[in-house]
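Text of work-v5.cif (mmCIF, C-alpha atoms and all ligand atoms) as supplied:
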```cif
data_start
#
loop_
_atom_site.label_atom_id
_atom_site.label_comp_id
_atom_site.auth_asym_id
_atom_site.auth_seq_id
_atom_site.Cartn_x
_atom_site.Cartn_y
_atom_site.Cartn_z
CA MET A 1 -11.87 12.15 15.34
CA ASN A 2 -9.65 14.98 14.30
CA ASN A 3 -6.43 13.71 15.88
CA PRO A 4 -6.79 10.01 16.69
CA ALA A 5 -3.88 8.72 18.78
CA ALA A 6 -3.15 5.18 19.97
CA VAL A 7 -2.47 5.57 23.70
CA TYR A 8 -0.81 2.56 25.34
CA ARG A 9 -2.63 1.79 28.61
CA GLY A 10 -0.39 -1.10 29.70
CA ASP A 11 -1.10 -4.83 29.80
CA GLY A 12 -1.19 -5.20 26.01
CA HIS A 13 -3.98 -2.67 25.64
CA PHE A 14 -4.23 0.38 23.36
CA GLU A 15 -6.99 3.00 23.47
CA ILE A 16 -7.70 5.26 20.48
CA VAL A 17 -8.16 8.76 21.90
CA ASP A 18 -8.89 12.07 20.17
CA GLN A 19 -6.01 14.27 21.31
CA PRO A 20 -5.78 18.07 21.10
CA VAL A 21 -3.74 19.24 18.11
CA ALA A 22 -0.49 20.90 19.22
CA ALA A 23 0.35 24.04 17.24
CA PRO A 24 4.05 24.19 16.36
CA GLY A 25 6.12 26.50 18.56
CA PRO A 26 9.18 28.41 17.30
CA GLY A 27 11.46 26.08 15.35
CA GLU A 28 8.81 23.35 15.21
CA VAL A 29 6.58 21.85 12.54
CA ARG A 30 3.32 19.92 12.72
CA LEU A 31 3.33 16.74 10.66
CA GLU A 32 0.49 14.62 9.39
CA ILE A 33 1.63 11.00 9.70
CA ALA A 34 1.01 8.69 6.77
CA PHE A 35 2.62 5.44 7.96
CA CYS A 36 4.41 4.32 11.10
CA GLY A 37 6.13 0.94 11.51
CA ILE A 38 6.10 -1.25 14.61
CA CYS A 39 9.66 -1.54 15.97
CA GLY A 40 11.11 -4.35 18.10
CA THR A 41 11.43 -1.77 20.88
CA ASP A 42 7.69 -0.97 20.66
CA LEU A 43 7.01 -4.69 20.95
CA HIS A 44 9.22 -4.92 24.07
CA ALA A 45 7.25 -2.09 25.62
CA TYR A 46 3.96 -3.73 24.62
CA LEU A 47 5.06 -6.98 26.28
CA GLY A 48 5.55 -5.13 29.57
CA HIS A 49 9.37 -5.19 29.65
CA MET A 50 9.59 -1.40 29.94
CA ASP A 51 6.59 -0.54 32.13
CA ALA A 52 8.47 1.79 34.48
CA ARG A 53 9.85 3.79 31.55
CA ILE A 54 6.60 3.87 29.56
CA GLY A 55 3.74 4.48 32.03
CA ASP A 56 0.12 4.16 30.89
CA GLN A 57 -0.33 7.27 28.72
CA ARG A 58 2.35 6.85 26.08
CA VAL A 59 1.87 7.09 22.31
CA PHE A 60 4.52 4.85 20.71
CA GLY A 61 5.87 5.11 17.18
CA HIS A 62 9.10 6.40 15.64
CA GLU A 63 9.43 4.58 12.28
CA MET A 64 7.25 7.10 10.52
CA ALA A 65 6.84 9.05 7.31
CA GLY A 66 4.54 12.02 6.86
CA THR A 67 3.90 15.46 5.45
CA VAL A 68 4.50 18.93 6.90
CA VAL A 69 1.10 20.60 7.44
CA GLU A 70 2.02 23.60 9.64
CA VAL A 71 5.28 25.47 10.10
CA GLY A 72 6.26 27.36 13.29
CA GLU A 73 8.11 30.65 13.55
CA GLY A 74 11.72 30.72 12.42
CA VAL A 75 11.69 27.38 10.59
CA ASP A 76 13.98 27.48 7.57
CA GLY A 77 14.02 25.04 4.70
CA TYR A 78 10.67 23.29 5.21
CA ARG A 79 7.24 24.18 3.84
CA CYS A 80 3.75 22.75 4.01
CA GLY A 81 3.48 19.74 1.72
CA ASP A 82 7.08 18.60 2.21
CA ARG A 83 7.34 14.84 2.72
CA VAL A 84 9.66 13.99 5.60
CA VAL A 85 10.87 11.52 8.21
CA VAL A 86 11.95 12.38 11.76
CA ARG A 87 15.20 11.39 13.49
CA PRO A 88 13.52 10.68 16.82
CA LEU A 89 16.31 11.65 19.24
CA ASP A 90 15.84 14.42 21.80
CA ASN A 91 19.24 15.14 23.36
CA CYS A 92 19.99 17.46 26.30
CA GLY A 93 22.66 19.55 24.55
CA ASP A 94 24.94 19.77 27.59
CA CYS A 95 26.44 16.51 28.87
CA PRO A 96 29.80 14.83 28.21
CA ALA A 97 28.36 12.97 25.19
CA CYS A 98 26.63 16.04 23.71
CA ASN A 99 29.74 18.16 24.31
CA ASN A 100 31.97 15.65 22.54
CA GLY A 101 29.98 15.27 19.32
CA HIS A 102 28.03 12.19 20.37
CA ALA A 103 24.63 13.83 20.84
CA HIS A 104 22.91 10.73 19.44
CA ILE A 105 23.87 8.83 22.61
CA CYS A 106 23.40 11.77 24.99
CA HIS A 107 23.58 10.71 28.64
CA ASN A 108 20.06 12.12 29.09
CA LEU A 109 18.71 11.01 25.72
CA LYS A 110 14.96 10.95 25.29
CA PHE A 111 13.95 8.54 22.58
CA MET A 112 10.81 9.95 20.98
CA GLY A 113 8.01 7.40 20.87
CA ILE A 114 9.31 5.72 24.05
CA ASP A 115 10.32 8.47 26.52
CA THR A 116 8.04 11.08 24.91
CA ASP A 117 5.00 10.67 22.66
CA GLY A 118 5.58 9.38 19.14
CA ALA A 119 3.85 8.96 15.82
CA PHE A 120 1.03 6.43 16.19
CA LYS A 121 -1.35 9.35 15.77
CA ARG A 122 -2.51 11.66 13.01
CA PHE A 123 -0.65 14.87 13.94
CA TRP A 124 2.82 14.99 15.48
CA THR A 125 4.55 18.29 16.36
CA VAL A 126 8.35 18.06 16.38
CA PRO A 127 11.48 20.27 16.13
CA ALA A 128 12.29 20.99 12.47
CA LYS A 129 15.99 20.25 13.13
CA LEU A 130 15.07 16.55 13.35
CA LEU A 131 13.54 16.38 9.85
CA HIS A 132 15.00 14.72 6.78
CA ALA A 133 13.30 15.42 3.43
CA LEU A 134 12.32 12.50 1.21
CA PRO A 135 13.50 12.09 -2.36
CA ASP A 136 10.55 12.47 -4.80
CA ASN A 137 10.61 8.85 -5.94
CA LEU A 138 10.38 7.33 -2.45
CA SER A 139 6.85 6.41 -1.36
CA LEU A 140 5.69 7.33 2.15
CA ALA A 141 5.18 3.62 2.96
CA ALA A 142 8.75 2.73 1.97
CA ALA A 143 9.99 5.84 3.82
CA ALA A 144 8.64 4.39 7.09
CA LEU A 145 11.64 2.04 6.76
CA VAL A 146 14.17 4.91 6.67
CA GLU A 147 14.63 4.87 10.47
CA PRO A 148 15.48 1.14 10.77
CA THR A 149 17.66 1.46 7.66
CA ALA A 150 19.50 4.32 9.41
CA VAL A 151 20.17 1.90 12.30
CA ALA A 152 21.68 -0.50 9.76
CA ALA A 153 23.70 2.28 8.10
CA HIS A 154 25.11 3.29 11.51
CA ASP A 155 26.07 -0.30 12.35
CA VAL A 156 27.81 -0.75 8.98
CA ARG A 157 29.63 2.58 9.37
CA ARG A 158 30.74 1.68 12.92
CA ALA A 159 32.13 -1.58 11.47
CA ARG A 160 34.34 0.40 9.01
CA LEU A 161 33.19 -2.18 6.46
CA LYS A 162 34.96 -2.01 3.10
CA ALA A 163 34.00 -3.38 -0.32
CA GLY A 164 35.27 -6.92 -0.82
CA GLU A 165 35.32 -7.76 2.88
CA CYS A 166 33.48 -10.79 4.22
CA ALA A 167 30.64 -9.93 6.60
CA LEU A 168 28.52 -12.28 8.66
CA VAL A 169 25.17 -11.05 10.00
CA ILE A 170 23.84 -13.21 12.86
CA GLY A 171 20.04 -12.87 13.07
CA GLY A 172 17.65 -12.19 10.18
CA GLY A 173 14.88 -10.07 11.71
CA PRO A 174 14.11 -6.65 10.21
CA ILE A 175 17.34 -5.01 11.47
CA GLY A 176 19.59 -7.97 10.61
CA THR A 177 18.08 -8.13 7.12
CA LEU A 178 18.59 -4.38 6.64
CA ILE A 179 22.21 -4.64 7.86
CA ALA A 180 22.84 -7.47 5.38
CA LEU A 181 21.29 -5.43 2.53
CA THR A 182 23.25 -2.30 3.53
CA ALA A 183 26.53 -4.24 3.83
CA LYS A 184 25.88 -5.78 0.41
CA ALA A 185 25.23 -2.33 -1.05
CA GLU A 186 28.68 -1.34 0.28
CA GLY A 187 30.17 -4.13 -1.82
CA ALA A 188 30.84 -6.62 0.97
CA ASP A 189 30.48 -10.38 0.63
CA VAL A 190 27.58 -11.00 3.00
CA ILE A 191 26.22 -14.13 4.65
CA LEU A 192 23.14 -14.01 6.87
CA SER A 193 22.73 -16.61 9.62
CA GLU A 194 19.11 -17.18 10.68
CA ILE A 195 17.29 -20.14 12.24
CA ASN A 196 13.74 -19.45 10.96
CA SER A 197 13.06 -21.00 7.55
CA THR A 198 10.49 -18.36 6.52
CA ARG A 199 12.95 -15.56 7.27
CA ILE A 200 15.64 -17.44 5.34
CA ARG A 201 13.28 -17.71 2.37
CA MET A 202 12.42 -13.99 2.54
CA ALA A 203 16.12 -13.07 2.73
CA ASN A 204 16.93 -15.28 -0.24
CA ALA A 205 14.11 -13.65 -2.20
CA MET A 206 15.78 -10.28 -1.50
CA GLY A 207 18.98 -11.58 -3.09
CA LEU A 208 20.79 -12.36 0.17
CA GLU A 209 22.69 -15.55 0.92
CA ALA A 210 21.03 -16.83 4.07
CA VAL A 211 21.90 -20.05 5.89
CA ASN A 212 20.51 -21.91 8.90
CA PRO A 213 23.27 -22.40 11.53
CA LEU A 214 21.38 -25.47 12.82
CA GLU A 215 21.88 -27.11 9.41
CA THR A 216 25.02 -25.46 8.05
CA ASP A 217 28.36 -25.18 9.85
CA VAL A 218 28.69 -21.40 9.44
CA VAL A 219 32.32 -21.28 10.65
CA ALA A 220 33.32 -23.98 8.14
CA LEU A 221 31.39 -22.22 5.36
CA ILE A 222 33.11 -18.88 6.00
CA ASN A 223 36.54 -20.46 6.41
CA GLU A 224 36.03 -22.19 3.08
CA ARG A 225 35.01 -18.90 1.41
CA THR A 226 37.89 -16.90 2.87
CA GLY A 227 40.78 -19.38 2.68
CA ASN A 228 40.52 -20.00 6.46
CA LYS A 229 40.74 -16.30 7.22
CA GLY A 230 37.29 -15.88 8.82
CA ALA A 231 34.81 -13.01 8.67
CA ASP A 232 36.31 -9.51 8.57
CA VAL A 233 33.17 -8.14 10.20
CA VAL A 234 30.50 -9.84 12.31
CA PHE A 235 27.20 -8.21 13.27
CA GLU A 236 25.58 -9.84 16.35
CA VAL A 237 21.86 -9.12 15.89
CA SER A 238 20.38 -12.29 17.41
CA GLY A 239 20.64 -11.40 21.08
CA SER A 240 21.25 -15.10 21.78
CA GLN A 241 24.05 -17.09 23.44
CA PRO A 242 24.63 -19.23 20.30
CA GLY A 243 24.97 -15.97 18.34
CA VAL A 244 27.60 -14.70 20.80
CA ASP A 245 29.45 -18.03 20.58
CA LEU A 246 29.47 -17.85 16.79
CA MET A 247 30.65 -14.24 16.63
CA THR A 248 33.99 -14.91 18.33
CA GLU A 249 34.53 -18.26 16.64
CA VAL A 250 34.03 -16.96 13.10
CA ALA A 251 35.86 -13.61 13.25
CA ALA A 252 39.10 -13.17 11.30
CA THR A 253 42.38 -12.01 12.84
CA ARG A 254 41.75 -8.36 13.83
CA GLY A 255 38.12 -8.93 12.89
CA ARG A 256 35.55 -6.35 14.02
CA ILE A 257 32.44 -7.48 15.87
CA VAL A 258 29.54 -5.04 16.08
CA MET A 259 27.13 -5.60 18.96
CA VAL A 260 23.73 -4.59 17.58
CA ALA A 261 21.38 -6.77 19.65
CA ILE A 262 20.15 -5.65 23.04
CA HIS A 263 21.11 -8.51 25.34
CA ALA A 264 18.68 -8.49 28.27
CA ASN A 265 20.84 -11.06 30.08
CA ARG A 266 24.63 -10.91 30.14
CA PRO A 267 25.88 -13.53 27.70
CA LEU A 268 29.05 -15.55 28.17
CA VAL A 269 31.71 -14.15 25.85
CA ASP A 270 34.81 -16.08 24.81
CA MET A 271 37.37 -13.45 25.81
CA PHE A 272 40.21 -15.78 24.85
CA ARG A 273 39.41 -15.23 21.17
CA PHE A 274 39.82 -11.46 21.65
CA PHE A 275 43.36 -12.09 22.87
CA TRP A 276 44.15 -14.83 20.37
CA ARG A 277 43.00 -13.02 17.22
CA GLU A 278 43.25 -9.40 18.41
CA LEU A 279 39.52 -9.01 17.89
CA GLU A 280 37.71 -5.72 18.27
CA LEU A 281 34.25 -5.35 19.83
CA ILE A 282 32.27 -2.30 18.72
CA GLY A 283 29.12 -0.91 20.35
CA ALA A 284 26.49 0.66 18.11
CA ARG A 285 23.34 2.46 19.19
CA VAL A 286 20.77 4.34 17.10
CA TYR A 287 22.18 6.71 14.45
CA GLU A 288 23.60 10.11 13.54
CA PRO A 289 22.23 12.53 10.90
CA GLU A 290 24.59 11.17 8.22
CA ASP A 291 23.14 7.67 8.76
CA PHE A 292 19.69 9.03 7.90
CA ASP A 293 21.19 10.64 4.79
CA ARG A 294 22.74 7.31 3.80
CA ALA A 295 19.46 5.43 4.44
CA LEU A 296 17.57 7.92 2.24
CA GLU A 297 20.20 7.41 -0.47
CA LEU A 298 19.97 3.59 -0.25
CA LEU A 299 16.16 3.58 -0.40
CA GLY A 300 15.79 6.46 -2.86
CA SER A 301 18.28 4.98 -5.36
CA GLY A 302 16.62 1.56 -5.21
CA ALA A 303 19.85 -0.01 -3.88
CA ILE A 304 17.62 -1.40 -1.13
CA ASP A 305 14.04 -2.32 -1.98
CA VAL A 306 12.16 -2.36 1.31
CA ASP A 307 8.80 -3.46 -0.10
CA ALA A 308 9.69 -7.12 0.58
CA ILE A 309 10.34 -6.27 4.24
CA ILE A 310 6.84 -4.82 4.74
CA THR A 311 4.87 -7.99 5.48
CA ASP A 312 1.66 -6.34 6.77
CA LYS A 313 -0.23 -3.03 6.88
CA GLN A 314 -3.03 -2.31 9.38
CA PRO A 315 -5.13 0.78 10.11
CA LEU A 316 -4.64 2.67 13.40
CA GLU A 317 -7.91 1.26 14.84
CA ARG A 318 -6.41 -2.23 14.59
CA ILE A 319 -3.09 -1.38 16.26
CA GLY A 320 -3.76 -3.77 19.19
CA ASP A 321 -4.31 -6.70 16.82
CA ALA A 322 -1.24 -5.70 14.82
CA PHE A 323 0.94 -5.84 17.96
CA ALA A 324 -0.68 -9.10 19.10
CA SER A 325 -0.07 -10.80 15.75
CA LEU A 326 3.63 -9.80 15.83
CA THR A 327 4.18 -11.33 19.26
CA GLY A 328 6.40 -14.40 18.92
CA ASN A 329 5.84 -14.39 15.17
CA ALA A 330 9.11 -14.96 13.30
CA GLU A 331 7.23 -15.21 9.99
CA ALA A 332 6.58 -11.45 10.00
CA LEU A 333 9.20 -8.81 9.35
CA LYS A 334 7.73 -5.28 9.38
CA THR A 335 4.15 -4.24 10.06
CA LEU A 336 3.18 -0.68 9.11
CA ILE A 337 0.28 1.13 10.73
CA THR A 338 -1.55 3.22 8.16
CA ILE A 339 -2.56 6.48 9.84
CA THR A 340 -3.62 8.65 6.93
CA GLN A 341 -3.40 7.29 3.44
CA GLY A 342 -0.39 8.95 1.84
CA GLU A 343 0.44 8.47 -1.84
ZN ZN B 401 12.94 1.36 15.52
ZN ZN B 402 23.33 15.29 26.38
#
```
Have the structure of the file written as structure tokens, please.
Amino acid sequence: MNNPAAVYRGDGHFEIVDQPVAAPGPGEVRLEIAFCGICGTDLHAYLGHMDARIGDQRVFGHEMAGTVVEVGEGVDGYRCGDRVVVRPLDNCGDCPACNNGHAHICHNLKFMGIDTDGAFKRFWTVPAKLLHALPDNLSLAAAALVEPTAVAAHDVRRARLKAGECALVIGGGPIGTLIALTAKAEGADVILSEINSTRIRMANAMGLEAVNPLETDVVALINERTGNKGADVVFEVSGSQPGVDLMTEVAATRGRIVMVAIHANRPLVDMFRFFWRELELIGARVYEPEDFDRALELLGSGAIDVDAIITDKQPLERIGDAFASLTGNAEALKTLITITQGE
């Protein structure tokens, strides 16, 4: 097959199809994908929670790294052989969000790899304006983690987190772990709250302080650390009611709470604490170009070593098994699909 692509047919089933290769139009490049990670969103789609949005012909994949192999007319700054990642946001360019500098959360946003075809295939043709070049020392496998790290960088930036502040991250999946590592790189005092012992062990191995809220009283721990002040910043990444209960209970006076998790059901929120401590609740969704720049800096400089987060690699032909083995598996963090073997 010249251009194998994993097409999602619905019902937990992928079909590997040889797709026609799309030549890049003006302003576009054709990439050869080396690695593409499986995101929590991909898993949601796989589990049938997004059927109406996805259909039965979609190619998922947005946590990718690859190489430019063909350059369209009028593309400046990129050449064949350049190693890149893609910021997978296709905005409309003319809506209240786009017109006010918030193109990343455009009212008509198409998320590439969900609303349009993504990178679980050999060749992907995309607008060059979405590319970010990789530093020389960053491997293509590690670079597949740039996109989720950009999510973390955006969350930390939205929190206005400063060095020396106390931050609590609730939920130690891939994004929670990356937020904790990013917050630590900013010089914050970080505690990660996670209920799965394997994830706690992995976080500890990455140099994070991780505790189990079922065994440790997290509010008491943070009060003890901060002289009863509480956490300056709380990241809610668990998507659970106990996480939402903890976030208001643990936040300091004028503490900032960043809502990272996608809550499928409306949780009960203790609004009294917002009044009592003048708390601030901050929404955070995807990322802006500067968050990709920051993620590339964090990974390229070695400030964050993502190798420990990559818990599995599988070839494209085994993508169905890779998704199946991630389902309900809290022992795994990030699975990469190897598409073509990059260096
Ligand atoms: Zn993702
Ligand atoms: Zn727009």
- Message: Please list as a VMD selection string every residue within 9 Å of Met1 (chain A), counting only C-alpha atoms and excluding residues in the same chain fewer than 5 positions away.
- Response: chain A and resid 17 to 19
- Test item: residues no farther than 12 Å from ligand ZN 402 (chain B), counting all atoms listed in the file, as number ranges by chain: A: 89-110
Counting all atoms listed in the file, what is within 9 Å of Val233 (chain A), bar same-chain residues fewer than 4 positions away, as a PDB file with C-alpha atoms, in the coordinates of the input?
```pdb
ATOM      1  CA  ALA A 159      32.130  -1.580  11.470  1.00  0.00           C
ATOM      2  CA  ARG A 160      34.340   0.400   9.010  1.00  0.00           C
ATOM      3  CA  LEU A 161      33.190  -2.180   6.460  1.00  0.00           C
ATOM      4  CA  GLU A 165      35.320  -7.760   2.880  1.00  0.00           C
ATOM      5  CA  CYS A 166      33.480 -10.790   4.220  1.00  0.00           C
ATOM      6  CA  ALA A 167      30.640  -9.930   6.600  1.00  0.00           C
ATOM      7  CA  LEU A 168      28.520 -12.280   8.660  1.00  0.00           C
ATOM      8  CA  VAL A 169      25.170 -11.050  10.000  1.00  0.00           C
ATOM      9  CA  ALA A 251      35.860 -13.610  13.250  1.00  0.00           C
ATOM     10  CA  ALA A 252      39.100 -13.170  11.300  1.00  0.00           C
ATOM     11  CA  GLY A 255      38.120  -8.930  12.890  1.00  0.00           C
ATOM     12  CA  ARG A 256      35.550  -6.350  14.020  1.00  0.00           C
ATOM     13  CA  ILE A 257      32.440  -7.480  15.870  1.00  0.00           C
ATOM     14  CA  VAL A 258      29.540  -5.040  16.080  1.00  0.00           C
TER      15      VAL A 258
END
```
- Out of A:Ala150, A:Leu140, A:Ala332, A:Val86, which residue has the shortest atom-to-atom distance to Ala284 (chain A) when counting all atoms listed in the file? A:Ala150
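The residues sitting within 8 Å of ligand ZN 401 (chain B), with all atoms listed in the file considered, come out as Gly37, Ile38, Cys39, Gly40, Thr41, Asp42, His62, Glu63, Glu147, Pro148 and Val151 of chain A.
Proximity to Ala295 (chain A) was assessed for A:Met50, A:Ala205, A:Ala22, A:Ala143 counting only C-alpha atoms; the smallest distance is recorded for A:Ala143.
Our summary of the geometry notes that CA of Thr182 (chain A) is positioned 17.9 Å from CA of Gly283 (chain A).
Proximity of A:Arg157, A:Ala152, A:Val29, A:Val250 to Ile191 (chain A), computed with only C-alpha atoms, is greatest for A:Val250.
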Box along x, y and z, 3 Å on every side, all listed atoms of region 250-268 of chain A inside: centre and edge lengths in Å to one decimal, as lines of an AutoDock Vina configuration file.
```
center_x = 30.5
center_y = -10.8
center_z = 20.7
size_x = 29.7
size_y = 18.4
size_z = 24.8
```
- Using all atoms listed in the file, determine which residues lie at most 8 Å from Arg87 (chain A), disregarding the query and same-chain residues fewer than 6 positions distant; provide the list as a ChimeraX atom specification. /A:130-132,147,289,292
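Considering the residues A:Thr149, A:Val219, A:Asp305, A:Lys229 and counting only C-alpha atoms, Gly207 (chain A) has its shortest atom-to-atom contact with A:Asp305.
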- Message: Using all atoms listed in the file, which protein or nucleic acid residues come within 12 Å of Val190 (chain A)? Drop anything in the same chain fewer than 6 positions from it, and give the result as a PyMOL selection string.
- Response: chain A and resi 156+161-170+176-184+203-204+207-211+222+225-226+231-235
- Message: Please determine, counting only C-alpha atoms, which residue among A:Arg201, A:Arg158, A:Arg30, A:Arg266 has the shortest atom-to-atom distance to Ala119 (chain A).
- Response: A:Arg30
- Task: Please identify all polymer residues within 7 Å of Gly113 (chain A), counting all atoms listed in the file, omitting same-chain residues fewer than 3 positions from it, and present them as an NGL selection string.
- Result: :A and (59-62 or 116-119)
- Determine the nearest neighbour of Thr335 (chain A) from the options A:Glu224, A:Asp312, A:Glu317, A:Asp270, counting all atoms listed in the file. A:Asp312
- Task: Go ahead and compute the interatomic distance for CA of Leu43 (chain A) and CA of Ala6 (chain A), in Å to one decimal.
- Result: 14.2 Å
- One decimal, Å: what's the distance from CA of Gln57 (chain A) over to CA of Cys36 (chain A), could you say? 18.5 Å
